[in-house]
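Here is the file target33.pdb (PDB, C-alpha atoms).
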```
ATOM      1  CA  MET A   1      65.143 109.325 100.990  1.00  0.00           C
ATOM      2  CA  ASN A   2      64.199 108.646  97.356  1.00  0.00           C
ATOM      3  CA  ASN A   3      63.853 105.142  95.936  1.00  0.00           C
ATOM      4  CA  PHE A   4      67.222 105.130  94.184  1.00  0.00           C
ATOM      5  CA  THR A   5      69.062 106.308  97.284  1.00  0.00           C
ATOM      6  CA  ASN A   6      67.291 103.768  99.457  1.00  0.00           C
ATOM      7  CA  ASN A   7      68.080 101.005  96.955  1.00  0.00           C
ATOM      8  CA  PHE A   8      71.750 101.967  96.854  1.00  0.00           C
ATOM      9  CA  PHE A   9      72.189 102.129 100.630  1.00  0.00           C
ATOM     10  CA  MET A  10      70.156  99.077 101.535  1.00  0.00           C
ATOM     11  CA  ASN A  11      71.585  96.747  98.895  1.00  0.00           C
ATOM     12  CA  GLY A  12      75.229  96.882  99.964  1.00  0.00           C
ATOM     13  CA  PRO A  13      75.377  93.308 101.328  1.00  0.00           C
ATOM     14  CA  ASN A  14      73.220  91.903  98.519  1.00  0.00           C
ATOM     15  CA  LEU A  15      75.298  93.684  95.912  1.00  0.00           C
ATOM     16  CA  PHE A  16      78.500  92.236  97.347  1.00  0.00           C
ATOM     17  CA  CYS A  17      77.112  88.692  97.325  1.00  0.00           C
ATOM     18  CA  ALA A  18      76.159  89.082  93.673  1.00  0.00           C
ATOM     19  CA  LEU A  19      79.571  90.550  92.836  1.00  0.00           C
ATOM     20  CA  GLU A  20      81.397  87.829  94.740  1.00  0.00           C
ATOM     21  CA  GLU A  21      79.501  85.174  92.815  1.00  0.00           C
ATOM     22  CA  SER A  22      80.361  86.924  89.557  1.00  0.00           C
ATOM     23  CA  VAL A  23      84.079  87.118  90.439  1.00  0.00           C
ATOM     24  CA  SER A  24      84.139  83.422  91.331  1.00  0.00           C
ATOM     25  CA  SER A  25      82.737  82.616  87.873  1.00  0.00           C
ATOM     26  CA  TRP A  26      85.495  84.431  85.943  1.00  0.00           C
ATOM     27  CA  GLU A  27      87.288  82.035  83.600  1.00  0.00           C
ATOM     28  CA  GLU A  28      90.173  82.045  81.128  1.00  0.00           C
ATOM     29  CA  LEU A  29      92.096  84.789  82.906  1.00  0.00           C
ATOM     30  CA  THR A  30      95.840  84.859  83.474  1.00  0.00           C
ATOM     31  CA  PHE A  31      95.361  85.579  87.196  1.00  0.00           C
ATOM     32  CA  SER A  32      92.742  84.795  89.841  1.00  0.00           C
ATOM     33  CA  TYR A  33      90.899  87.238  92.089  1.00  0.00           C
ATOM     34  CA  HIS A  34      89.474  87.890  95.533  1.00  0.00           C
ATOM     35  CA  LEU A  35      86.884  90.557  96.351  1.00  0.00           C
ATOM     36  CA  GLU A  36      86.428  92.408  99.639  1.00  0.00           C
ATOM     37  CA  HIS A  37      83.676  94.859 100.517  1.00  0.00           C
ATOM     38  CA  ASN A  38      83.041  97.636 103.019  1.00  0.00           C
ATOM     39  CA  TYR A  39      79.955  99.801 102.996  1.00  0.00           C
ATOM     40  CA  SER A  40      78.531 102.676 104.950  1.00  0.00           C
ATOM     41  CA  PHE A  41      75.543 104.974 104.726  1.00  0.00           C
ATOM     42  CA  HIS A  42      77.001 106.913 101.802  1.00  0.00           C
ATOM     43  CA  GLU A  43      79.406 104.617  99.944  1.00  0.00           C
ATOM     44  CA  ASN A  44      80.302 101.094  98.891  1.00  0.00           C
ATOM     45  CA  ILE A  45      84.016 100.296  98.825  1.00  0.00           C
ATOM     46  CA  LEU A  46      85.188  97.304  96.822  1.00  0.00           C
ATOM     47  CA  THR A  47      88.739  95.976  96.788  1.00  0.00           C
ATOM     48  CA  LEU A  48      89.607  93.547  94.011  1.00  0.00           C
ATOM     49  CA  SER A  49      92.888  91.696  94.628  1.00  0.00           C
ATOM     50  CA  GLN A  50      94.980  89.467  92.390  1.00  0.00           C
ATOM     51  CA  LYS A  51      95.774  86.399  94.450  1.00  0.00           C
ATOM     52  CA  GLU A  52      99.084  85.584  92.790  1.00  0.00           C
ATOM     53  CA  THR A  53     100.618  89.067  92.626  1.00  0.00           C
ATOM     54  CA  GLY A  54      99.047  90.991  95.504  1.00  0.00           C
ATOM     55  CA  PHE A  55      98.016  93.760  93.092  1.00  0.00           C
ATOM     56  CA  SER A  56      94.715  95.405  93.965  1.00  0.00           C
ATOM     57  CA  VAL A  57      92.266  98.011  92.753  1.00  0.00           C
ATOM     58  CA  CYS A  58      89.989  99.890  95.141  1.00  0.00           C
ATOM     59  CA  LEU A  59      86.637 101.201  93.907  1.00  0.00           C
ATOM     60  CA  SER A  60      84.620 103.657  95.983  1.00  0.00           C
ATOM     61  CA  LEU A  61      81.030 104.074  94.774  1.00  0.00           C
ATOM     62  CA  GLU A  62      78.682 106.693  96.121  1.00  0.00           C
ATOM     63  CA  ASN A  63      75.139 107.796  95.513  1.00  0.00           C
ATOM     64  CA  ASP A  64      75.641 111.373  94.329  1.00  0.00           C
ATOM     65  CA  ASN A  65      72.638 113.393  93.166  1.00  0.00           C
ATOM     66  CA  GLU A  66      70.629 110.242  92.536  1.00  0.00           C
ATOM     67  CA  SER A  67      73.218 108.615  90.243  1.00  0.00           C
ATOM     68  CA  LEU A  68      75.953 106.050  90.643  1.00  0.00           C
ATOM     69  CA  THR A  69      79.264 107.849  91.056  1.00  0.00           C
ATOM     70  CA  LEU A  70      82.733 106.328  91.253  1.00  0.00           C
ATOM     71  CA  LYS A  71      85.033 108.452  93.408  1.00  0.00           C
ATOM     72  CA  THR A  72      88.064 106.143  93.545  1.00  0.00           C
ATOM     73  CA  PHE A  73      89.814 103.811  91.103  1.00  0.00           C
ATOM     74  CA  SER A  74      93.023 103.303  93.069  1.00  0.00           C
ATOM     75  CA  LEU A  75      95.560 100.816  91.738  1.00  0.00           C
ATOM     76  CA  GLU A  76      98.203  99.253  94.005  1.00  0.00           C
ATOM     77  CA  THR A  77     101.026  97.134  92.589  1.00  0.00           C
ATOM     78  CA  GLY A  78     104.204  95.460  93.806  1.00  0.00           C
ATOM     79  CA  GLU A  79     107.479  96.581  92.276  1.00  0.00           C
ATOM     80  CA  LEU A  80     109.266  93.288  92.959  1.00  0.00           C
ATOM     81  CA  LEU A  81     107.322  91.492  90.250  1.00  0.00           C
ATOM     82  CA  GLY A  82     108.285  94.249  87.805  1.00  0.00           C
ATOM     83  CA  MET A  83     111.924  93.636  88.660  1.00  0.00           C
ATOM     84  CA  ARG A  84     111.628  89.906  88.141  1.00  0.00           C
ATOM     85  CA  SER A  85     109.318  89.721  85.109  1.00  0.00           C
ATOM     86  CA  LEU A  86     108.167  92.839  83.306  1.00  0.00           C
ATOM     87  CA  SER A  87     105.935  90.748  81.057  1.00  0.00           C
ATOM     88  CA  LEU A  88     103.999  89.325  84.014  1.00  0.00           C
ATOM     89  CA  TYR A  89     103.929  92.719  85.732  1.00  0.00           C
ATOM     90  CA  ASP A  90     102.422  94.467  82.713  1.00  0.00           C
ATOM     91  CA  ALA A  91      99.946  91.653  82.055  1.00  0.00           C
ATOM     92  CA  ALA A  92      98.827  91.813  85.698  1.00  0.00           C
ATOM     93  CA  MET A  93      98.346  95.582  85.471  1.00  0.00           C
ATOM     94  CA  VAL A  94      96.220  95.363  82.331  1.00  0.00           C
ATOM     95  CA  GLU A  95      94.083  92.488  83.541  1.00  0.00           C
ATOM     96  CA  ILE A  96      93.217  93.892  86.958  1.00  0.00           C
ATOM     97  CA  VAL A  97      92.146  97.220  85.434  1.00  0.00           C
ATOM     98  CA  LEU A  98      89.935  95.393  82.933  1.00  0.00           C
ATOM     99  CA  GLN A  99      88.392  93.290  85.682  1.00  0.00           C
ATOM    100  CA  GLY A 100      87.785  96.436  87.729  1.00  0.00           C
ATOM    101  CA  LEU A 101      85.833  97.826  84.778  1.00  0.00           C
ATOM    102  CA  GLU A 102      83.990  94.517  84.562  1.00  0.00           C
ATOM    103  CA  LEU A 103      82.788  95.119  88.126  1.00  0.00           C
ATOM    104  CA  LEU A 104      81.511  98.575  87.170  1.00  0.00           C
ATOM    105  CA  PHE A 105      79.458  97.160  84.316  1.00  0.00           C
ATOM    106  CA  PHE A 106      78.031  94.539  86.669  1.00  0.00           C
ATOM    107  CA  ILE A 107      77.073  97.194  89.217  1.00  0.00           C
ATOM    108  CA  ALA A 108      75.404  99.360  86.570  1.00  0.00           C
ATOM    109  CA  ASP A 109      73.359  96.361  85.447  1.00  0.00           C
ATOM    110  CA  TYR A 110      72.501  95.471  89.056  1.00  0.00           C
ATOM    111  CA  PHE A 111      70.978  98.899  89.636  1.00  0.00           C
ATOM    112  CA  ASP A 112      69.538  99.087  86.099  1.00  0.00           C
ATOM    113  CA  GLU A 113      71.640 102.152  85.293  1.00  0.00           C
ATOM    114  CA  GLU A 114      72.669 103.151  81.770  1.00  0.00           C
ATOM    115  CA  ALA A 115      75.926 104.791  82.900  1.00  0.00           C
ATOM    116  CA  ILE A 116      78.258 105.323  85.832  1.00  0.00           C
ATOM    117  CA  ARG A 117      79.719 108.740  86.507  1.00  0.00           C
ATOM    118  CA  LEU A 118      83.389 108.939  87.506  1.00  0.00           C
ATOM    119  CA  ILE A 119      84.822 111.852  89.486  1.00  0.00           C
ATOM    120  CA  LEU A 120      88.451 110.876  90.017  1.00  0.00           C
ATOM    121  CA  GLU A 121      91.751 112.227  91.165  1.00  0.00           C
ATOM    122  CA  LYS A 122      94.130 112.672  88.240  1.00  0.00           C
ATOM    123  CA  LYS A 123      96.317 109.725  89.270  1.00  0.00           C
ATOM    124  CA  ASP A 124      93.259 107.435  89.353  1.00  0.00           C
ATOM    125  CA  ALA A 125      92.063 108.677  85.954  1.00  0.00           C
ATOM    126  CA  GLU A 126      95.510 107.909  84.503  1.00  0.00           C
ATOM    127  CA  ASN A 127      94.982 104.233  85.390  1.00  0.00           C
ATOM    128  CA  LEU A 128      92.102 104.247  82.895  1.00  0.00           C
ATOM    129  CA  SER A 129      93.671 106.328  80.132  1.00  0.00           C
ATOM    130  CA  PRO A 130      94.656 103.352  77.917  1.00  0.00           C
ATOM    131  CA  PHE A 131      90.960 102.415  77.855  1.00  0.00           C
ATOM    132  CA  ASP A 132      89.522 105.848  77.154  1.00  0.00           C
ATOM    133  CA  SER A 133      87.527 104.572  74.168  1.00  0.00           C
ATOM    134  CA  PHE A 134      85.037 103.137  76.676  1.00  0.00           C
ATOM    135  CA  PHE A 135      84.454 106.549  78.287  1.00  0.00           C
ATOM    136  CA  THR A 136      83.130 109.936  77.303  1.00  0.00           C
ATOM    137  CA  SER A 137      85.654 112.723  76.764  1.00  0.00           C
ATOM    138  CA  PRO A 138      87.129 113.847  80.098  1.00  0.00           C
ATOM    139  CA  LEU A 139      86.249 117.135  81.771  1.00  0.00           C
ATOM    140  CA  TYR A 140      88.520 118.756  84.331  1.00  0.00           C
ATOM    141  CA  GLN A 141      87.168 120.513  87.398  1.00  0.00           C
ATOM    142  CA  ASP A 142      88.849 121.519  90.653  1.00  0.00           C
ATOM    143  CA  GLY A 143      91.769 119.190  90.072  1.00  0.00           C
ATOM    144  CA  ARG A 144      89.561 116.183  89.389  1.00  0.00           C
ATOM    145  CA  VAL A 145      88.674 114.357  86.184  1.00  0.00           C
ATOM    146  CA  LEU A 146      85.018 113.819  85.250  1.00  0.00           C
ATOM    147  CA  LEU A 147      84.096 110.893  82.993  1.00  0.00           C
ATOM    148  CA  MET A 148      81.043 108.853  82.099  1.00  0.00           C
ATOM    149  CA  LEU A 149      81.130 105.106  81.519  1.00  0.00           C
ATOM    150  CA  PRO A 150      78.194 104.229  79.242  1.00  0.00           C
ATOM    151  CA  ALA A 151      76.941 100.888  80.555  1.00  0.00           C
ATOM    152  CA  SER A 152      73.968  99.791  78.487  1.00  0.00           C
ATOM    153  CA  PRO A 153      73.841  96.130  77.353  1.00  0.00           C
ATOM    154  CA  GLU A 154      75.166  97.261  73.977  1.00  0.00           C
ATOM    155  CA  ASP A 155      78.041  99.113  75.629  1.00  0.00           C
ATOM    156  CA  TYR A 156      78.892  96.041  77.683  1.00  0.00           C
ATOM    157  CA  ASP A 157      78.868  93.783  74.606  1.00  0.00           C
ATOM    158  CA  ARG A 158      81.291  96.183  72.939  1.00  0.00           C
ATOM    159  CA  PHE A 159      83.505  96.184  76.039  1.00  0.00           C
ATOM    160  CA  VAL A 160      83.611  92.377  76.141  1.00  0.00           C
ATOM    161  CA  GLU A 161      84.418  92.054  72.456  1.00  0.00           C
ATOM    162  CA  LYS A 162      87.261  94.552  72.530  1.00  0.00           C
ATOM    163  CA  THR A 163      88.820  93.442  75.816  1.00  0.00           C
ATOM    164  CA  GLU A 164      88.702  89.781  74.857  1.00  0.00           C
ATOM    165  CA  ASN A 165      90.732  90.745  71.798  1.00  0.00           C
ATOM    166  CA  LEU A 166      93.282  92.473  74.032  1.00  0.00           C
ATOM    167  CA  LYS A 167      93.428  89.541  76.473  1.00  0.00           C
ATOM    168  CA  THR A 168      94.031  87.145  73.578  1.00  0.00           C
ATOM    169  CA  ILE A 169      96.920  89.282  72.354  1.00  0.00           C
ATOM    170  CA  ILE A 170      98.437  89.330  75.851  1.00  0.00           C
ATOM    171  CA  ARG A 171      98.093  85.561  76.308  1.00  0.00           C
ATOM    172  CA  LYS A 172      99.808  84.905  72.992  1.00  0.00           C
ATOM    173  CA  GLU A 173     102.622  87.311  73.843  1.00  0.00           C
ATOM    174  CA  LEU A 174     103.158  85.706  77.233  1.00  0.00           C
ATOM    175  CA  TRP A 175     103.438  82.222  75.739  1.00  0.00           C
ATOM    176  CA  LYS A 176     105.908  83.481  73.119  1.00  0.00           C
ATOM    177  CA  ARG A 177     108.111  85.188  75.706  1.00  0.00           C
ATOM    178  CA  GLN A 178     108.362  82.417  78.290  1.00  0.00           C
ATOM    179  CA  LYS A 179     111.438  80.936  76.611  1.00  0.00           C
ATOM    180  CA  ASP A 180     113.369  84.063  77.652  1.00  0.00           C
ATOM    181  CA  ASP A 181     111.662  84.570  81.030  1.00  0.00           C
ATOM    182  CA  LEU A 182     112.091  81.790  83.583  1.00  0.00           C
ATOM    183  CA  LEU A 183     109.560  83.171  86.070  1.00  0.00           C
ATOM    184  CA  LEU A 184     106.972  83.629  83.333  1.00  0.00           C
ATOM    185  CA  LYS A 185     107.560  80.075  82.104  1.00  0.00           C
ATOM    186  CA  HIS A 186     107.241  78.724  85.638  1.00  0.00           C
ATOM    187  CA  TYR A 187     104.020  80.657  86.165  1.00  0.00           C
ATOM    188  CA  LEU A 188     102.347  79.612  82.927  1.00  0.00           C
ATOM    189  CA  GLN A 189     103.261  75.940  83.246  1.00  0.00           C
ATOM    190  CA  ASN A 190     102.636  75.440  86.980  1.00  0.00           C
ATOM    191  CA  GLU A 191      99.129  74.579  88.124  1.00  0.00           C
ATOM    192  CA  THR A 192      99.761  75.862  91.662  1.00  0.00           C
ATOM    193  CA  LYS A 193     100.289  79.579  91.159  1.00  0.00           C
ATOM    194  CA  ASN A 194      99.636  81.211  94.538  1.00  0.00           C
ATOM    195  CA  ASP A 195     103.187  80.704  95.801  1.00  0.00           C
ATOM    196  CA  LEU A 196     105.090  81.576  92.645  1.00  0.00           C
ATOM    197  CA  PHE A 197     106.336  85.020  93.720  1.00  0.00           C
ATOM    198  CA  PRO A 198     108.489  84.499  96.828  1.00  0.00           C
ATOM    199  CA  LEU A 199     111.150  87.060  97.698  1.00  0.00           C
ATOM    200  CA  LYS A 200     114.493  86.298  96.047  1.00  0.00           C
ATOM    201  CA  ALA A 201     118.012  87.404  96.748  1.00  0.00           C
ATOM    202  CA  LYS A 202     118.901  90.757  95.213  1.00  0.00           C
ATOM    203  CA  SER A 203     121.513  89.138  93.008  1.00  0.00           C
ATOM    204  CA  GLN A 204     118.828  86.950  91.455  1.00  0.00           C
ATOM    205  CA  GLU A 205     116.519  89.925  91.016  1.00  0.00           C
ATOM    206  CA  LYS A 206     119.212  91.863  89.149  1.00  0.00           C
ATOM    207  CA  LYS A 207     119.890  88.896  86.908  1.00  0.00           C
ATOM    208  CA  LEU A 208     116.207  88.569  86.081  1.00  0.00           C
ATOM    209  CA  VAL A 209     115.897  92.287  85.368  1.00  0.00           C
ATOM    210  CA  SER A 210     118.710  92.015  82.861  1.00  0.00           C
ATOM    211  CA  SER A 211     117.285  88.969  81.095  1.00  0.00           C
ATOM    212  CA  ASN A 212     113.680  90.247  80.945  1.00  0.00           C
ATOM    213  CA  ARG A 213     114.108  93.918  80.091  1.00  0.00           C
ATOM    214  CA  GLU A 214     113.057  93.399  76.460  1.00  0.00           C
ATOM    215  CA  ASN A 215     109.984  91.308  77.273  1.00  0.00           C
ATOM    216  CA  VAL A 216     107.342  93.860  78.096  1.00  0.00           C
ATOM    217  CA  ILE A 217     103.597  93.779  77.477  1.00  0.00           C
ATOM    218  CA  PRO A 218     102.798  97.440  76.741  1.00  0.00           C
ATOM    219  CA  PHE A 219     101.114  99.160  79.668  1.00  0.00           C
ATOM    220  CA  PRO A 220     102.900 101.180  82.332  1.00  0.00           C
ATOM    221  CA  ILE A 221     105.012 103.544  80.219  1.00  0.00           C
ATOM    222  CA  ARG A 222     103.173 106.385  78.495  1.00  0.00           C
ATOM    223  CA  GLU A 223     104.457 105.576  74.986  1.00  0.00           C
ATOM    224  CA  ARG A 224     103.229 101.989  75.227  1.00  0.00           C
ATOM    225  CA  LYS A 225      99.636 102.927  75.993  1.00  0.00           C
ATOM    226  CA  ALA A 226      99.000 103.511  72.313  1.00  0.00           C
ATOM    227  CA  THR A 227      99.475  99.794  71.719  1.00  0.00           C
ATOM    228  CA  ILE A 228      96.627  98.932  74.083  1.00  0.00           C
ATOM    229  CA  LYS A 229      94.396 101.585  72.526  1.00  0.00           C
ATOM    230  CA  LYS A 230      95.111 100.156  69.086  1.00  0.00           C
ATOM    231  CA  ALA A 231      94.210  96.642  70.264  1.00  0.00           C
ATOM    232  CA  ILE A 232      90.781  97.733  71.509  1.00  0.00           C
ATOM    233  CA  GLN A 233      89.829 100.039  68.639  1.00  0.00           C
TER     234      GLN A 233
END
```

With the file now loaded, output its structure as structure tokens.
Amino acid sequence: MNNFTNNFFMNGPNLFCALEESVSSWEELTFSYHLEHNYSFHENILTLSQKETGFSVCLSLENDNESLTLKTFSLETGELLGMRSLSLYDAAMVEIVLQGLELLFFIADYFDEEAIRLILEKKDAENLSPFDSFFTSPLYQDGRVLLMLPASPEDYDRFVEKTENLKTIIRKELWKRQKDDLLLKHYLQNETKNDLFPLKAKSQEKKLVSSNRENVIPFPIRERKATIKKAIQ
């Protein structure tokens, strides 16, 4: 076993402790996060969850040919929030993807790597398509998408600068739209956020869908992805 492989396998618990400490230090985000970790001889699996929404992103990292390789970037969301507040739903989607990328930069720095290779299923790669300016041009092989995430200190500084710009835009949009979105207003102005998304009667859900349909932060629909790309250019 070479030194890199040994370092990757043996540092699973230490890596998670460092990541957990990093996640707990995140500030000025719209949502809060919890990190879980499973590791085996050949992979580290991280699950980053949004406490308020239940959204999560699963990252599976492997040591493949002596380099860090991401095999999974799986995003799970809850449709109920989209029915009740499209603005909050879209903001949650954007933020959890960005924070998942933040974890990848942290991991690259932890192992002193200049890049992380991604070999993803097409549906996982699509989760990252609005942020393709951070990656090399995709290659397609055997139904999978191959990308590289450059992760030098300079690359990370660029990532932080551009994503902070996007987060600022989203925060401003959310505050503007709360007058037409009761759930959004309640969320932004309530200090206790963990219990803000209880199940509601279907009649209430339909009413909220009708009132919030115009208040969308651009993310899930293909045409809207250009707006995110423009914000991080």

Exercise. Which neighbours of range 57-72 of chain A fall inside 6 Å, counting all atoms listed in the file, when residues of the same chain fewer than 6 positions from it are skipped, and could you give them as a list in words?
Worked result: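 Neighbouring residues, sequence-local ones excluded: His42, Glu43, Asn44, Ile45, Leu46, Thr47, Leu48, Ile116, Arg117, Leu118, Ile119 and Leu120 of chain A.
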
Can you spell out as a PDB file with C-alpha atoms, in the frame of the given file the set of residues that the PyMOL selection byres ((chain A and resi 173) around 12) selects in the structure I just provided?
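The file below, expr-v1.pdb, is the result:
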```
ATOM      1  CA  SER A  87     105.935  90.748  81.057  1.00  0.00           C
ATOM      2  CA  LEU A  88     103.999  89.325  84.014  1.00  0.00           C
ATOM      3  CA  ASP A  90     102.422  94.467  82.713  1.00  0.00           C
ATOM      4  CA  ALA A  91      99.946  91.653  82.055  1.00  0.00           C
ATOM      5  CA  LEU A 166      93.282  92.473  74.032  1.00  0.00           C
ATOM      6  CA  LYS A 167      93.428  89.541  76.473  1.00  0.00           C
ATOM      7  CA  THR A 168      94.031  87.145  73.578  1.00  0.00           C
ATOM      8  CA  ILE A 169      96.920  89.282  72.354  1.00  0.00           C
ATOM      9  CA  ILE A 170      98.437  89.330  75.851  1.00  0.00           C
ATOM     10  CA  ARG A 171      98.093  85.561  76.308  1.00  0.00           C
ATOM     11  CA  LYS A 172      99.808  84.905  72.992  1.00  0.00           C
ATOM     12  CA  LEU A 174     103.158  85.706  77.233  1.00  0.00           C
ATOM     13  CA  TRP A 175     103.438  82.222  75.739  1.00  0.00           C
ATOM     14  CA  LYS A 176     105.908  83.481  73.119  1.00  0.00           C
ATOM     15  CA  ARG A 177     108.111  85.188  75.706  1.00  0.00           C
ATOM     16  CA  GLN A 178     108.362  82.417  78.290  1.00  0.00           C
ATOM     17  CA  LYS A 179     111.438  80.936  76.611  1.00  0.00           C
ATOM     18  CA  ASP A 180     113.369  84.063  77.652  1.00  0.00           C
ATOM     19  CA  ASP A 181     111.662  84.570  81.030  1.00  0.00           C
ATOM     20  CA  LEU A 184     106.972  83.629  83.333  1.00  0.00           C
ATOM     21  CA  LEU A 188     102.347  79.612  82.927  1.00  0.00           C
ATOM     22  CA  ASN A 215     109.984  91.308  77.273  1.00  0.00           C
ATOM     23  CA  VAL A 216     107.342  93.860  78.096  1.00  0.00           C
ATOM     24  CA  ILE A 217     103.597  93.779  77.477  1.00  0.00           C
ATOM     25  CA  PRO A 218     102.798  97.440  76.741  1.00  0.00           C
TER      26      PRO A 218
END
```

For this session: Identify all residues satisfying the PyMOL selection byres ((chain A and resi 126) around 12) in the given file; provide them as a PyMOL selection string.
Result: chain A and resi 72-75+97+120-125+127-132+138+144-145+147+219-222+225

Problem set entry | Residues returned when the PyMOL selection byres ((chain A and resi 18) around 12) runs on this file, as an MDAnalysis selection string | chainID A and resid 11:17 19:25 35 37 103 106:107 109:111

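For the pair CA of Thr77 in chain A and CA of Gln141 in chain A, the interatomic distance is 27.7 Å.
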
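Nearest-residue note for Tyr33 in chain A: choosing from A:Phe135, A:Phe55, A:Tyr156, A:Tyr89, the minimum distance belongs to A:Phe55, counting all atoms listed in the file.
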
Exercise. Just how far from CA of Ser85 in chain A is CA of Ile232 in chain A, in Å to one decimal?
Worked result: 24.3 Å

Exercise. By how many Å are CA of Phe159 in chain A and CA of Glu114 in chain A apart?
Worked result: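 So the two atoms, CA of Phe159 in chain A and CA of Glu114 in chain A, lie 14.1 Å apart.
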
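Residue nearest Glu95 in chain A, chosen from A:Leu29, A:Lys162, A:Glu76, A:Tyr39 and counting only C-alpha atoms: A:Leu29.
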
Taking all atoms of range 105-108 of chain A that appear in the file, build a box with edges along x, y and z, extend it by 5 Å on every side, and state its centre and edge lengths in Å to one decimal, as lines of an AutoDock Vina configuration file.
```
center_x = 77.4
center_y = 96.9
center_z = 86.8
size_x = 14.1
size_y = 14.8
size_z = 14.9
```

Selection as a compact mmCIF listing (two decimals) with C-alpha atoms, in the frame of the given file: residues within 12 Å of (97.7, 84.1, 90.9), counting all atoms listed in the file:
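What follows is the written file point04.txt:
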```txt
# COMPACT_ATOMS: atom_id res chain seq x y z
CA LEU A 29 92.10 84.79 82.91
CA THR A 30 95.84 84.86 83.47
CA PHE A 31 95.36 85.58 87.20
CA SER A 32 92.74 84.80 89.84
CA TYR A 33 90.90 87.24 92.09
CA HIS A 34 89.47 87.89 95.53
CA SER A 49 92.89 91.70 94.63
CA GLN A 50 94.98 89.47 92.39
CA LYS A 51 95.77 86.40 94.45
CA GLU A 52 99.08 85.58 92.79
CA THR A 53 100.62 89.07 92.63
CA GLY A 54 99.05 90.99 95.50
CA PHE A 55 98.02 93.76 93.09
CA LEU A 88 104.00 89.32 84.01
CA TYR A 89 103.93 92.72 85.73
CA ALA A 91 99.95 91.65 82.06
CA ALA A 92 98.83 91.81 85.70
CA GLU A 95 94.08 92.49 83.54
CA ILE A 96 93.22 93.89 86.96
CA LEU A 184 106.97 83.63 83.33
CA TYR A 187 104.02 80.66 86.16
CA LEU A 188 102.35 79.61 82.93
CA ASN A 190 102.64 75.44 86.98
CA GLU A 191 99.13 74.58 88.12
CA THR A 192 99.76 75.86 91.66
CA LYS A 193 100.29 79.58 91.16
CA ASN A 194 99.64 81.21 94.54
CA ASP A 195 103.19 80.70 95.80
CA LEU A 196 105.09 81.58 92.64
CA PHE A 197 106.34 85.02 93.72
```

Exercise. Of the residues A:Phe134, A:Leu86, A:Val94, A:Pro153, which is the one nearest to Ala108 in chain A, using only C-alpha atoms?
Worked result: A:Pro153

What does range 152-156 of chain A look like written to a file with all heavy atoms, as a PDB file, in the first residue's frame?
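Full text of decode_29.pdb as output:
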```pdb
ATOM      1  N   SER A 152      -6.630  24.141  -5.833  1.00  0.00           N
ATOM      2  CA  SER A 152      -5.497  24.849  -5.244  1.00  0.00           C
ATOM      3  C   SER A 152      -6.020  25.985  -4.373  1.00  0.00           C
ATOM      4  O   SER A 152      -7.204  26.349  -4.456  1.00  0.00           O
ATOM      5  CB  SER A 152      -4.601  25.412  -6.344  1.00  0.00           C
ATOM      6  OG  SER A 152      -5.267  26.467  -7.027  1.00  0.00           O
ATOM      7  N   PRO A 153      -5.182  26.583  -3.517  1.00  0.00           N
ATOM      8  CA  PRO A 153      -5.635  27.736  -2.724  1.00  0.00           C
ATOM      9  C   PRO A 153      -6.205  28.850  -3.585  1.00  0.00           C
ATOM     10  O   PRO A 153      -7.185  29.500  -3.207  1.00  0.00           O
ATOM     11  CB  PRO A 153      -4.363  28.184  -1.993  1.00  0.00           C
ATOM     12  CG  PRO A 153      -3.568  26.915  -1.845  1.00  0.00           C
ATOM     13  CD  PRO A 153      -3.825  26.149  -3.115  1.00  0.00           C
ATOM     14  N   GLU A 154      -5.622  29.066  -4.757  1.00  0.00           N
ATOM     15  CA  GLU A 154      -6.125  30.103  -5.655  1.00  0.00           C
ATOM     16  C   GLU A 154      -7.509  29.735  -6.194  1.00  0.00           C
ATOM     17  O   GLU A 154      -8.389  30.595  -6.320  1.00  0.00           O
ATOM     18  CB  GLU A 154      -5.151  30.314  -6.816  1.00  0.00           C
ATOM     19  CG  GLU A 154      -3.804  30.888  -6.427  1.00  0.00           C
ATOM     20  CD  GLU A 154      -2.879  29.868  -5.782  1.00  0.00           C
ATOM     21  OE1 GLU A 154      -3.138  28.644  -5.941  1.00  0.00           O
ATOM     22  OE2 GLU A 154      -1.916  30.289  -5.110  1.00  0.00           O
ATOM     23  N   ASP A 155      -7.692  28.457  -6.514  1.00  0.00           N
ATOM     24  CA  ASP A 155      -8.996  28.003  -6.984  1.00  0.00           C
ATOM     25  C   ASP A 155     -10.049  28.158  -5.891  1.00  0.00           C
ATOM     26  O   ASP A 155     -11.189  28.539  -6.169  1.00  0.00           O
ATOM     27  CB  ASP A 155      -8.925  26.536  -7.419  1.00  0.00           C
ATOM     28  CG  ASP A 155      -8.062  26.336  -8.645  1.00  0.00           C
ATOM     29  OD1 ASP A 155      -8.211  27.102  -9.612  1.00  0.00           O
ATOM     30  OD2 ASP A 155      -7.220  25.417  -8.632  1.00  0.00           O
ATOM     31  N   TYR A 156      -9.671  27.860  -4.657  1.00  0.00           N
ATOM     32  CA  TYR A 156     -10.622  27.987  -3.557  1.00  0.00           C
ATOM     33  C   TYR A 156     -10.991  29.447  -3.323  1.00  0.00           C
ATOM     34  O   TYR A 156     -12.162  29.773  -3.093  1.00  0.00           O
ATOM     35  CB  TYR A 156     -10.052  27.384  -2.280  1.00  0.00           C
ATOM     36  CG  TYR A 156     -10.980  27.526  -1.095  1.00  0.00           C
ATOM     37  CD1 TYR A 156     -12.209  26.881  -1.088  1.00  0.00           C
ATOM     38  CD2 TYR A 156     -10.644  28.329  -0.005  1.00  0.00           C
ATOM     39  CE1 TYR A 156     -13.087  27.012  -0.020  1.00  0.00           C
ATOM     40  CE2 TYR A 156     -11.511  28.471   1.075  1.00  0.00           C
ATOM     41  CZ  TYR A 156     -12.731  27.817   1.054  1.00  0.00           C
ATOM     42  OH  TYR A 156     -13.599  27.953   2.112  1.00  0.00           O
TER      43      TYR A 156
END
```
